[in-house]
>>> print(open('final-v8.cif').read())   # mmCIF, N, CA and C atoms
data_run
loop_
_atom_site.label_atom_id
_atom_site.label_comp_id
_atom_site.auth_asym_id
_atom_site.auth_seq_id
_atom_site.Cartn_x
_atom_site.Cartn_y
_atom_site.Cartn_z
N MET C 1 0.84 -1.16 0.00
CA MET C 1 0.00 0.00 0.00
C MET C 1 0.90 1.24 0.00
N PHE C 2 0.60 2.18 -0.88
CA PHE C 2 1.36 3.42 -0.92
C PHE C 2 0.68 4.47 -0.04
N ILE C 3 1.52 5.20 0.69
CA ILE C 3 1.04 6.34 1.48
C ILE C 3 2.01 7.49 1.24
N TYR C 4 1.67 8.64 1.77
CA TYR C 4 2.48 9.84 1.59
C TYR C 4 2.83 10.37 2.97
N VAL C 5 4.13 10.58 3.19
CA VAL C 5 4.59 10.96 4.53
C VAL C 5 5.42 12.23 4.50
N THR C 6 5.44 12.87 5.67
CA THR C 6 6.44 13.92 5.93
C THR C 6 7.29 13.38 7.07
N PHE C 7 8.51 13.86 7.18
CA PHE C 7 9.41 13.35 8.20
C PHE C 7 10.33 14.46 8.69
N ASP C 8 10.87 14.26 9.91
CA ASP C 8 11.76 15.27 10.49
C ASP C 8 13.20 15.04 10.02
N SER C 9 14.13 15.82 10.57
CA SER C 9 15.54 15.75 10.15
C SER C 9 16.17 14.40 10.45
N ASN C 10 15.61 13.64 11.40
CA ASN C 10 16.13 12.31 11.71
C ASN C 10 15.43 11.21 10.92
N GLY C 11 14.47 11.59 10.09
CA GLY C 11 13.77 10.63 9.25
C GLY C 11 12.49 10.08 9.88
N PHE C 12 12.18 10.46 11.13
CA PHE C 12 10.96 9.95 11.76
C PHE C 12 9.73 10.59 11.12
N VAL C 13 8.73 9.76 10.87
CA VAL C 13 7.50 10.22 10.22
C VAL C 13 6.78 11.20 11.15
N THR C 14 6.42 12.36 10.63
CA THR C 14 5.70 13.37 11.40
C THR C 14 4.23 13.44 11.01
N ASP C 15 3.90 13.03 9.78
CA ASP C 15 2.51 13.03 9.34
C ASP C 15 2.40 12.12 8.13
N TYR C 16 1.20 11.64 7.90
CA TYR C 16 0.98 10.82 6.70
C TYR C 16 -0.43 11.03 6.17
N LYS C 17 -0.57 10.78 4.90
CA LYS C 17 -1.86 10.90 4.21
C LYS C 17 -2.01 9.68 3.30
N LYS C 18 -3.26 9.35 3.00
CA LYS C 18 -3.53 8.24 2.10
C LYS C 18 -3.60 8.69 0.65
N VAL C 19 -3.73 10.00 0.45
CA VAL C 19 -3.81 10.54 -0.91
C VAL C 19 -2.59 11.41 -1.17
N GLU C 20 -2.25 11.50 -2.43
CA GLU C 20 -1.09 12.30 -2.81
C GLU C 20 -1.31 13.75 -2.40
N THR C 21 -0.32 14.30 -1.70
CA THR C 21 -0.41 15.66 -1.18
C THR C 21 0.92 16.35 -1.42
N GLU C 22 0.85 17.60 -1.79
CA GLU C 22 2.07 18.36 -2.04
C GLU C 22 2.92 18.45 -0.77
N GLY C 23 4.24 18.22 -0.93
CA GLY C 23 5.16 18.28 0.20
C GLY C 23 5.32 16.95 0.92
N TYR C 24 4.55 15.96 0.53
CA TYR C 24 4.63 14.63 1.13
C TYR C 24 5.37 13.69 0.19
N THR C 25 6.10 12.74 0.78
CA THR C 25 6.88 11.77 0.00
C THR C 25 6.12 10.45 -0.10
N LYS C 26 6.06 9.91 -1.31
CA LYS C 26 5.35 8.66 -1.53
C LYS C 26 6.23 7.49 -1.07
N VAL C 27 5.65 6.62 -0.20
CA VAL C 27 6.38 5.45 0.29
C VAL C 27 5.45 4.24 0.27
N PHE C 28 6.07 3.06 0.26
CA PHE C 28 5.30 1.83 0.28
C PHE C 28 5.34 1.25 1.68
N VAL C 29 4.14 0.87 2.20
CA VAL C 29 4.04 0.22 3.51
C VAL C 29 3.61 -1.22 3.26
N LEU C 30 4.39 -2.16 3.80
CA LEU C 30 4.04 -3.57 3.67
C LEU C 30 2.69 -3.84 4.34
N ASP C 31 1.93 -4.75 3.76
CA ASP C 31 0.63 -5.10 4.33
C ASP C 31 0.76 -5.54 5.79
N SER C 32 1.83 -6.25 6.12
CA SER C 32 2.02 -6.74 7.49
C SER C 32 2.36 -5.60 8.47
N TRP C 33 2.69 -4.42 7.95
CA TRP C 33 3.05 -3.27 8.81
C TRP C 33 1.89 -2.29 9.00
N ILE C 34 0.84 -2.43 8.22
CA ILE C 34 -0.20 -1.40 8.18
C ILE C 34 -0.79 -1.12 9.57
N ASN C 35 -1.15 -2.18 10.31
CA ASN C 35 -1.74 -1.96 11.64
C ASN C 35 -0.76 -1.27 12.59
N GLN C 36 0.49 -1.70 12.55
CA GLN C 36 1.51 -1.07 13.41
C GLN C 36 1.73 0.39 13.00
N PHE C 37 1.78 0.63 11.71
CA PHE C 37 2.00 2.00 11.24
C PHE C 37 0.83 2.90 11.64
N ALA C 38 -0.39 2.37 11.55
CA ALA C 38 -1.56 3.17 11.91
C ALA C 38 -1.54 3.53 13.40
N GLN C 39 -1.02 2.64 14.24
CA GLN C 39 -0.97 2.90 15.67
C GLN C 39 0.24 3.74 16.08
N TYR C 40 1.37 3.53 15.44
CA TYR C 40 2.62 4.18 15.85
C TYR C 40 3.36 4.81 14.68
N PRO C 41 2.74 5.71 13.93
CA PRO C 41 3.42 6.25 12.75
C PRO C 41 4.70 7.01 13.09
N ASP C 42 4.74 7.64 14.27
CA ASP C 42 5.92 8.43 14.63
C ASP C 42 7.12 7.57 15.02
N LYS C 43 6.97 6.27 15.08
CA LYS C 43 8.08 5.35 15.40
C LYS C 43 8.77 4.85 14.13
N PHE C 44 8.12 5.03 12.99
CA PHE C 44 8.71 4.61 11.73
C PHE C 44 9.61 5.72 11.20
N ARG C 45 10.65 5.29 10.46
CA ARG C 45 11.58 6.26 9.88
C ARG C 45 11.60 6.10 8.36
N TYR C 46 11.88 7.21 7.72
CA TYR C 46 12.04 7.20 6.26
C TYR C 46 13.53 7.27 5.96
N ASP C 47 14.00 6.28 5.23
CA ASP C 47 15.41 6.24 4.83
C ASP C 47 15.50 6.92 3.46
N SER C 48 15.99 8.16 3.47
CA SER C 48 16.02 8.93 2.22
C SER C 48 17.06 8.38 1.25
N THR C 49 18.08 7.69 1.75
CA THR C 49 19.09 7.11 0.86
C THR C 49 18.48 6.00 0.01
N ASN C 50 17.76 5.10 0.67
CA ASN C 50 17.15 3.97 -0.05
C ASN C 50 15.70 4.25 -0.43
N GLN C 51 15.17 5.38 0.01
CA GLN C 51 13.80 5.79 -0.24
C GLN C 51 12.80 4.71 0.18
N THR C 52 13.00 4.24 1.41
CA THR C 52 12.10 3.22 1.98
C THR C 52 11.69 3.60 3.40
N LEU C 53 10.61 3.02 3.82
CA LEU C 53 10.12 3.21 5.18
C LEU C 53 10.72 2.11 6.03
N LEU C 54 11.22 2.46 7.21
CA LEU C 54 11.84 1.48 8.10
C LEU C 54 10.97 1.24 9.33
N ASN C 55 10.70 -0.04 9.58
CA ASN C 55 9.93 -0.45 10.76
C ASN C 55 10.91 -0.59 11.92
N PRO C 56 10.62 -0.01 13.09
CA PRO C 56 11.56 -0.12 14.20
C PRO C 56 11.72 -1.56 14.69
N GLY C 57 10.74 -2.41 14.45
CA GLY C 57 10.89 -3.82 14.80
C GLY C 57 10.60 -4.17 16.25
N ASN C 58 10.39 -3.18 17.10
CA ASN C 58 10.15 -3.48 18.51
C ASN C 58 8.82 -2.90 19.01
N LEU C 59 7.85 -2.80 18.12
CA LEU C 59 6.56 -2.23 18.49
C LEU C 59 5.69 -3.30 19.14
N PRO C 60 4.91 -2.91 20.14
CA PRO C 60 4.01 -3.89 20.75
C PRO C 60 2.91 -4.28 19.78
N SER C 61 2.51 -5.53 19.83
CA SER C 61 1.42 -5.95 18.96
C SER C 61 0.15 -5.99 19.80
N VAL C 62 -0.81 -5.19 19.43
CA VAL C 62 -2.07 -5.10 20.14
C VAL C 62 -3.17 -5.53 19.18
N SER C 63 -3.90 -6.56 19.58
CA SER C 63 -4.99 -7.03 18.73
C SER C 63 -6.28 -6.31 19.11
N LEU C 64 -7.24 -6.31 18.20
CA LEU C 64 -8.54 -5.72 18.49
C LEU C 64 -9.22 -6.46 19.63
N ASN C 65 -9.02 -7.77 19.71
CA ASN C 65 -9.61 -8.55 20.80
C ASN C 65 -9.05 -8.10 22.15
N GLN C 66 -7.75 -7.83 22.19
CA GLN C 66 -7.13 -7.38 23.44
C GLN C 66 -7.66 -6.01 23.84
N VAL C 67 -7.78 -5.12 22.87
CA VAL C 67 -8.31 -3.78 23.14
C VAL C 67 -9.75 -3.89 23.63
N SER C 68 -10.55 -4.73 23.01
CA SER C 68 -11.94 -4.94 23.42
C SER C 68 -12.00 -5.47 24.85
N THR C 69 -11.15 -6.44 25.17
CA THR C 69 -11.11 -7.00 26.52
C THR C 69 -10.72 -5.93 27.53
N ASP C 70 -9.73 -5.12 27.19
CA ASP C 70 -9.29 -4.05 28.10
C ASP C 70 -10.40 -3.03 28.33
N VAL C 71 -11.12 -2.67 27.29
CA VAL C 71 -12.22 -1.71 27.41
C VAL C 71 -13.32 -2.29 28.30
N THR C 72 -13.66 -3.55 28.09
CA THR C 72 -14.68 -4.22 28.91
C THR C 72 -14.26 -4.25 30.38
N THR C 73 -13.01 -4.56 30.64
CA THR C 73 -12.49 -4.57 32.01
C THR C 73 -12.60 -3.19 32.64
N LEU C 74 -12.22 -2.16 31.91
CA LEU C 74 -12.31 -0.80 32.43
C LEU C 74 -13.75 -0.39 32.70
N GLN C 75 -14.68 -0.80 31.81
CA GLN C 75 -16.09 -0.48 32.02
C GLN C 75 -16.61 -1.16 33.29
N THR C 76 -16.22 -2.41 33.50
CA THR C 76 -16.63 -3.14 34.71
C THR C 76 -16.10 -2.46 35.96
N GLN C 77 -14.83 -2.04 35.92
CA GLN C 77 -14.23 -1.36 37.06
C GLN C 77 -14.94 -0.04 37.33
N LEU C 78 -15.28 0.68 36.28
CA LEU C 78 -15.97 1.96 36.43
C LEU C 78 -17.35 1.75 37.04
N GLN C 79 -18.08 0.75 36.57
CA GLN C 79 -19.40 0.46 37.13
C GLN C 79 -19.29 0.08 38.60
N SER C 80 -18.27 -0.68 38.94
CA SER C 80 -18.05 -1.07 40.34
C SER C 80 -17.77 0.15 41.20
N LEU C 81 -16.93 1.05 40.69
CA LEU C 81 -16.62 2.28 41.43
C LEU C 81 -17.86 3.15 41.59
N GLN C 82 -18.67 3.24 40.55
CA GLN C 82 -19.90 4.04 40.63
C GLN C 82 -20.85 3.43 41.65
N SER C 83 -20.96 2.10 41.67
CA SER C 83 -21.83 1.42 42.63
C SER C 83 -21.33 1.65 44.04
N THR C 84 -20.02 1.53 44.24
CA THR C 84 -19.42 1.77 45.56
C THR C 84 -19.66 3.21 45.98
N GLY C 85 -19.54 4.13 45.05
CA GLY C 85 -19.78 5.55 45.35
C GLY C 85 -21.21 5.77 45.78
N THR C 86 -22.16 5.11 45.13
CA THR C 86 -23.58 5.25 45.50
C THR C 86 -23.81 4.68 46.89
N GLN C 87 -23.21 3.53 47.17
CA GLN C 87 -23.35 2.94 48.50
C GLN C 87 -22.75 3.87 49.55
N THR C 88 -21.60 4.41 49.25
CA THR C 88 -20.93 5.31 50.19
C THR C 88 -21.79 6.55 50.43
N ASP C 89 -22.41 7.09 49.39
CA ASP C 89 -23.28 8.25 49.56
C ASP C 89 -24.44 7.93 50.48
N SER C 90 -25.07 6.76 50.30
CA SER C 90 -26.21 6.43 51.16
C SER C 90 -25.74 6.15 52.58
N GLN C 91 -24.55 5.56 52.73
CA GLN C 91 -24.01 5.32 54.06
C GLN C 91 -23.71 6.64 54.76
N LEU C 92 -23.18 7.60 54.00
CA LEU C 92 -22.92 8.92 54.59
C LEU C 92 -24.21 9.60 55.01
N GLY C 93 -25.26 9.46 54.20
CA GLY C 93 -26.56 10.04 54.56
C GLY C 93 -27.09 9.44 55.84
N ALA C 94 -26.99 8.11 56.01
CA ALA C 94 -27.44 7.45 57.23
C ALA C 94 -26.61 7.90 58.42
N LEU C 95 -25.31 8.06 58.22
CA LEU C 95 -24.43 8.51 59.30
C LEU C 95 -24.80 9.92 59.75
N VAL C 96 -25.03 10.81 58.81
CA VAL C 96 -25.43 12.18 59.14
C VAL C 96 -26.75 12.17 59.89
N SER C 97 -27.69 11.34 59.46
CA SER C 97 -28.98 11.23 60.14
C SER C 97 -28.79 10.74 61.57
N ASN C 98 -27.96 9.73 61.77
CA ASN C 98 -27.70 9.20 63.11
C ASN C 98 -27.02 10.25 63.99
N ILE C 99 -26.11 11.01 63.42
CA ILE C 99 -25.43 12.06 64.18
C ILE C 99 -26.45 13.10 64.63
N SER C 100 -27.40 13.44 63.77
CA SER C 100 -28.45 14.41 64.13
C SER C 100 -29.28 13.89 65.30
N VAL C 101 -29.61 12.60 65.29
CA VAL C 101 -30.39 12.01 66.39
C VAL C 101 -29.60 12.09 67.69
N VAL C 102 -28.33 11.72 67.64
CA VAL C 102 -27.49 11.75 68.84
C VAL C 102 -27.35 13.19 69.35
N GLN C 103 -27.18 14.15 68.45
CA GLN C 103 -27.09 15.55 68.87
C GLN C 103 -28.37 15.98 69.57
N GLY C 104 -29.52 15.55 69.05
CA GLY C 104 -30.80 15.87 69.68
C GLY C 104 -30.89 15.28 71.08
N GLN C 105 -30.42 14.05 71.23
CA GLN C 105 -30.45 13.41 72.54
C GLN C 105 -29.54 14.14 73.52
N ILE C 106 -28.36 14.52 73.07
CA ILE C 106 -27.42 15.26 73.92
C ILE C 106 -28.02 16.59 74.33
N LEU C 107 -28.64 17.30 73.39
CA LEU C 107 -29.27 18.58 73.69
C LEU C 107 -30.38 18.40 74.72
N GLY C 108 -31.19 17.34 74.58
CA GLY C 108 -32.25 17.05 75.55
C GLY C 108 -31.69 16.80 76.94
N GLU C 109 -30.61 16.02 77.01
CA GLU C 109 -29.98 15.74 78.31
C GLU C 109 -29.42 17.02 78.94
N LEU C 110 -28.81 17.86 78.11
CA LEU C 110 -28.27 19.12 78.63
C LEU C 110 -29.40 20.00 79.18
N GLN C 111 -30.53 20.02 78.49
CA GLN C 111 -31.67 20.81 78.96
C GLN C 111 -32.19 20.26 80.28
N ASN C 112 -32.24 18.92 80.42
CA ASN C 112 -32.67 18.31 81.68
C ASN C 112 -31.73 18.68 82.82
N ILE C 113 -30.44 18.61 82.54
CA ILE C 113 -29.45 18.96 83.57
C ILE C 113 -29.59 20.42 83.96
N GLN C 114 -29.79 21.29 82.98
CA GLN C 114 -29.95 22.71 83.26
C GLN C 114 -31.20 22.94 84.11
N THR C 115 -32.28 22.26 83.79
CA THR C 115 -33.52 22.38 84.57
C THR C 115 -33.30 21.91 86.00
N GLN C 116 -32.60 20.80 86.18
CA GLN C 116 -32.31 20.29 87.52
C GLN C 116 -31.44 21.25 88.31
N LEU C 117 -30.46 21.83 87.64
CA LEU C 117 -29.59 22.80 88.32
C LEU C 117 -30.40 24.03 88.76
N ASN C 118 -31.24 24.51 87.87
CA ASN C 118 -32.06 25.68 88.22
C ASN C 118 -32.99 25.35 89.39
N ALA C 119 -33.57 24.17 89.40
CA ALA C 119 -34.47 23.77 90.49
C ALA C 119 -33.71 23.64 91.80
N SER C 120 -32.52 23.10 91.76
CA SER C 120 -31.76 22.92 93.00
C SER C 120 -31.28 24.26 93.55
N GLU C 121 -31.00 25.23 92.67
CA GLU C 121 -30.60 26.55 93.15
C GLU C 121 -31.77 27.24 93.85
N LYS C 122 -32.98 27.11 93.33
CA LYS C 122 -34.16 27.72 93.94
C LYS C 122 -34.48 27.06 95.28
N ALA C 123 -34.27 25.75 95.34
CA ALA C 123 -34.58 25.04 96.57
C ALA C 123 -33.62 25.39 97.70
N THR C 124 -32.40 25.68 97.40
CA THR C 124 -31.42 25.99 98.45
C THR C 124 -31.41 27.46 98.80
N THR C 125 -32.04 28.25 97.99
CA THR C 125 -32.09 29.67 98.30
C THR C 125 -33.32 29.91 99.17
N VAL C 126 -33.07 30.05 100.45
CA VAL C 126 -34.16 30.28 101.40
C VAL C 126 -33.91 31.63 102.05
N PRO C 127 -34.91 32.51 102.03
CA PRO C 127 -34.70 33.80 102.67
C PRO C 127 -34.50 33.58 104.17
N VAL C 128 -33.54 34.25 104.67
CA VAL C 128 -33.23 34.16 106.10
C VAL C 128 -34.00 35.24 106.82
N ALA C 129 -34.71 34.85 107.88
CA ALA C 129 -35.49 35.81 108.65
C ALA C 129 -34.55 36.60 109.56
N ASN C 130 -34.87 37.87 109.73
CA ASN C 130 -34.06 38.72 110.57
C ASN C 130 -34.43 38.45 112.05
N THR C 131 -33.56 37.86 112.74
CA THR C 131 -33.81 37.53 114.17
C THR C 131 -32.94 38.42 115.03
N THR C 132 -33.43 39.55 115.22
CA THR C 132 -32.67 40.47 116.12
C THR C 132 -33.28 40.38 117.49
N ASN C 133 -32.47 40.35 118.46
CA ASN C 133 -32.96 40.31 119.84
C ASN C 133 -33.33 41.69 120.30
N SER C 134 -34.56 41.79 120.75
CA SER C 134 -34.97 43.08 121.25
C SER C 134 -34.90 43.05 122.79
N PRO C 135 -34.51 44.14 123.39
CA PRO C 135 -34.41 44.15 124.84
C PRO C 135 -35.79 44.00 125.47
N ALA C 136 -35.88 43.24 126.46
CA ALA C 136 -37.16 43.01 127.10
C ALA C 136 -37.38 43.88 128.28
#
>>> encode(input="final-v8.cif", output="structure tokens")
Amino acid sequence: MFIYVTFDSNGFVTDYKKVETEGYTKVFVLDSWINQFAQYPDKFRYDSTNQTLLNPGNLPSVSLNQVSTDVTTLQTQLQSLQSTGTQTDSQLGALVSNISVVQGQILGELQNIQTQLNASEKATTVPVANTTNSPA
């Protein structure tokens, strides 16, 4: 398959087109390289001396099945995280509700204690009668 490429001063491909374009160099890509070239065009080099495209030879091979499996795994992990987040949100709501109940109970107890203190202060405050001895 013929494609048209531009390349930098070191020969690495910087851009490619499938149609003839001004400023681009026509090169042949082996059928066995097409998938790798489509994924990693910037790893290929153009040898201007021999006017050929050079495959680096150490590119990872990724199949569509592997990509599909990876995407499915990521979707499952995302759904799990979203589910955990929803559970956490409802757990936080229950916790806040429980804290409100406990605060209400504490406030009630404080009011009872305050009432008891006020009652005990009134009970111990007894006016003292003036007992002056008058001469008889």
>>> resolve_selection(input="final-v8.cif", expression="the PyMOL selection byres ((chain C and resi 14) around 8)", output="ChimeraX atom specification")
/C:5-8,11-13,15-16,41-44
>>> atom_distance(input="final-v8.cif", atom1="atom CA of C:Gln36", atom2="atom CA of C:Leu54")
11.9 Å
>>> resolve_selection(input="final-v8.cif", expression="the PyMOL selection byres ((chain C and resi 23-33) around 8)", output="list of chain:residue names")
C:Met1, C:Phe2, C:Ile3, C:Tyr4, C:Val5, C:Thr6, C:Phe7, C:Asp15, C:Tyr16, C:Lys17, C:Glu20, C:Thr21, C:Glu22, C:Ile34, C:Asn35, C:Gln36, C:Phe37, C:Ala38, C:Gln39, C:Gln51, C:Thr52, C:Leu53, C:Asn55
>>> atom_distance(input="final-v8.cif", atom1="atom CA of C:Asn10", atom2="atom CA of C:Ser48")
10.1 Å
>>> atom_distance(input="final-v8.cif", atom1="atom C of C:Gly57", atom2="atom C of C:Tyr40")
11.6 Å
>>> axis_aligned_box(input="final-v8.cif", around="stretch 36-39 of chain C", padding_each_side="8 Å", output="lines of an AutoDock Vina configuration file")
center_x = 0.2
center_y = 1.0
center_z = 13.7
size_x = 19.6
size_y = 21.4
size_z = 20.8
>>> select_by_dssp(input="final-v8.cif", residues="stretch 16-80 of chain C", states="alpha helix (DSSP H)", output="list in words")
Ile34, Asn35, Gln36, Phe37, Ala38, Gln39, Leu64, Asn65, Gln66, Val67, Ser68, Thr69, Asp70, Val71, Thr72, Thr73, Leu74, Gln75, Thr76, Gln77, Leu78, Gln79 and Ser80 of chain C
>>> write_last_selection(input="final-v8.cif", atoms="N, CA and C atoms", output="short mmCIF file (atom, residue, chain, number, x, y, z; two decimals), in the frame of the given file")
data_model
loop_
_atom_site.label_atom_id
_atom_site.label_comp_id
_atom_site.auth_asym_id
_atom_site.auth_seq_id
_atom_site.Cartn_x
_atom_site.Cartn_y
_atom_site.Cartn_z
N ILE C 34 0.84 -2.43 8.22
CA ILE C 34 -0.20 -1.40 8.18
C ILE C 34 -0.79 -1.12 9.57
N ASN C 35 -1.15 -2.18 10.31
CA ASN C 35 -1.74 -1.96 11.64
C ASN C 35 -0.76 -1.27 12.59
N GLN C 36 0.49 -1.70 12.55
CA GLN C 36 1.51 -1.07 13.41
C GLN C 36 1.73 0.39 13.00
N PHE C 37 1.78 0.63 11.71
CA PHE C 37 2.00 2.00 11.24
C PHE C 37 0.83 2.90 11.64
N ALA C 38 -0.39 2.37 11.55
CA ALA C 38 -1.56 3.17 11.91
C ALA C 38 -1.54 3.53 13.40
N GLN C 39 -1.02 2.64 14.24
CA GLN C 39 -0.97 2.90 15.67
C GLN C 39 0.24 3.74 16.08
N LEU C 64 -7.24 -6.31 18.20
CA LEU C 64 -8.54 -5.72 18.49
C LEU C 64 -9.22 -6.46 19.63
N ASN C 65 -9.02 -7.77 19.71
CA ASN C 65 -9.61 -8.55 20.80
C ASN C 65 -9.05 -8.10 22.15
N GLN C 66 -7.75 -7.83 22.19
CA GLN C 66 -7.13 -7.38 23.44
C GLN C 66 -7.66 -6.01 23.84
N VAL C 67 -7.78 -5.12 22.87
CA VAL C 67 -8.31 -3.78 23.14
C VAL C 67 -9.75 -3.89 23.63
N SER C 68 -10.55 -4.73 23.01
CA SER C 68 -11.94 -4.94 23.42
C SER C 68 -12.00 -5.47 24.85
N THR C 69 -11.15 -6.44 25.17
CA THR C 69 -11.11 -7.00 26.52
C THR C 69 -10.72 -5.93 27.53
N ASP C 70 -9.73 -5.12 27.19
CA ASP C 70 -9.29 -4.05 28.10
C ASP C 70 -10.40 -3.03 28.33
N VAL C 71 -11.12 -2.67 27.29
CA VAL C 71 -12.22 -1.71 27.41
C VAL C 71 -13.32 -2.29 28.30
N THR C 72 -13.66 -3.55 28.09
CA THR C 72 -14.68 -4.22 28.91
C THR C 72 -14.26 -4.25 30.38
N THR C 73 -13.01 -4.56 30.64
CA THR C 73 -12.49 -4.57 32.01
C THR C 73 -12.60 -3.19 32.64
N LEU C 74 -12.22 -2.16 31.91
CA LEU C 74 -12.31 -0.80 32.43
C LEU C 74 -13.75 -0.39 32.70
N GLN C 75 -14.68 -0.80 31.81
CA GLN C 75 -16.09 -0.48 32.02
C GLN C 75 -16.61 -1.16 33.29
N THR C 76 -16.22 -2.41 33.50
CA THR C 76 -16.63 -3.14 34.71
C THR C 76 -16.10 -2.46 35.96
N GLN C 77 -14.83 -2.04 35.92
CA GLN C 77 -14.23 -1.36 37.06
C GLN C 77 -14.94 -0.04 37.33
N LEU C 78 -15.28 0.68 36.28
CA LEU C 78 -15.97 1.96 36.43
C LEU C 78 -17.35 1.75 37.04
N GLN C 79 -18.08 0.75 36.57
CA GLN C 79 -19.40 0.46 37.13
C GLN C 79 -19.29 0.08 38.60
N SER C 80 -18.27 -0.68 38.94
CA SER C 80 -18.05 -1.07 40.34
C SER C 80 -17.77 0.15 41.20
#
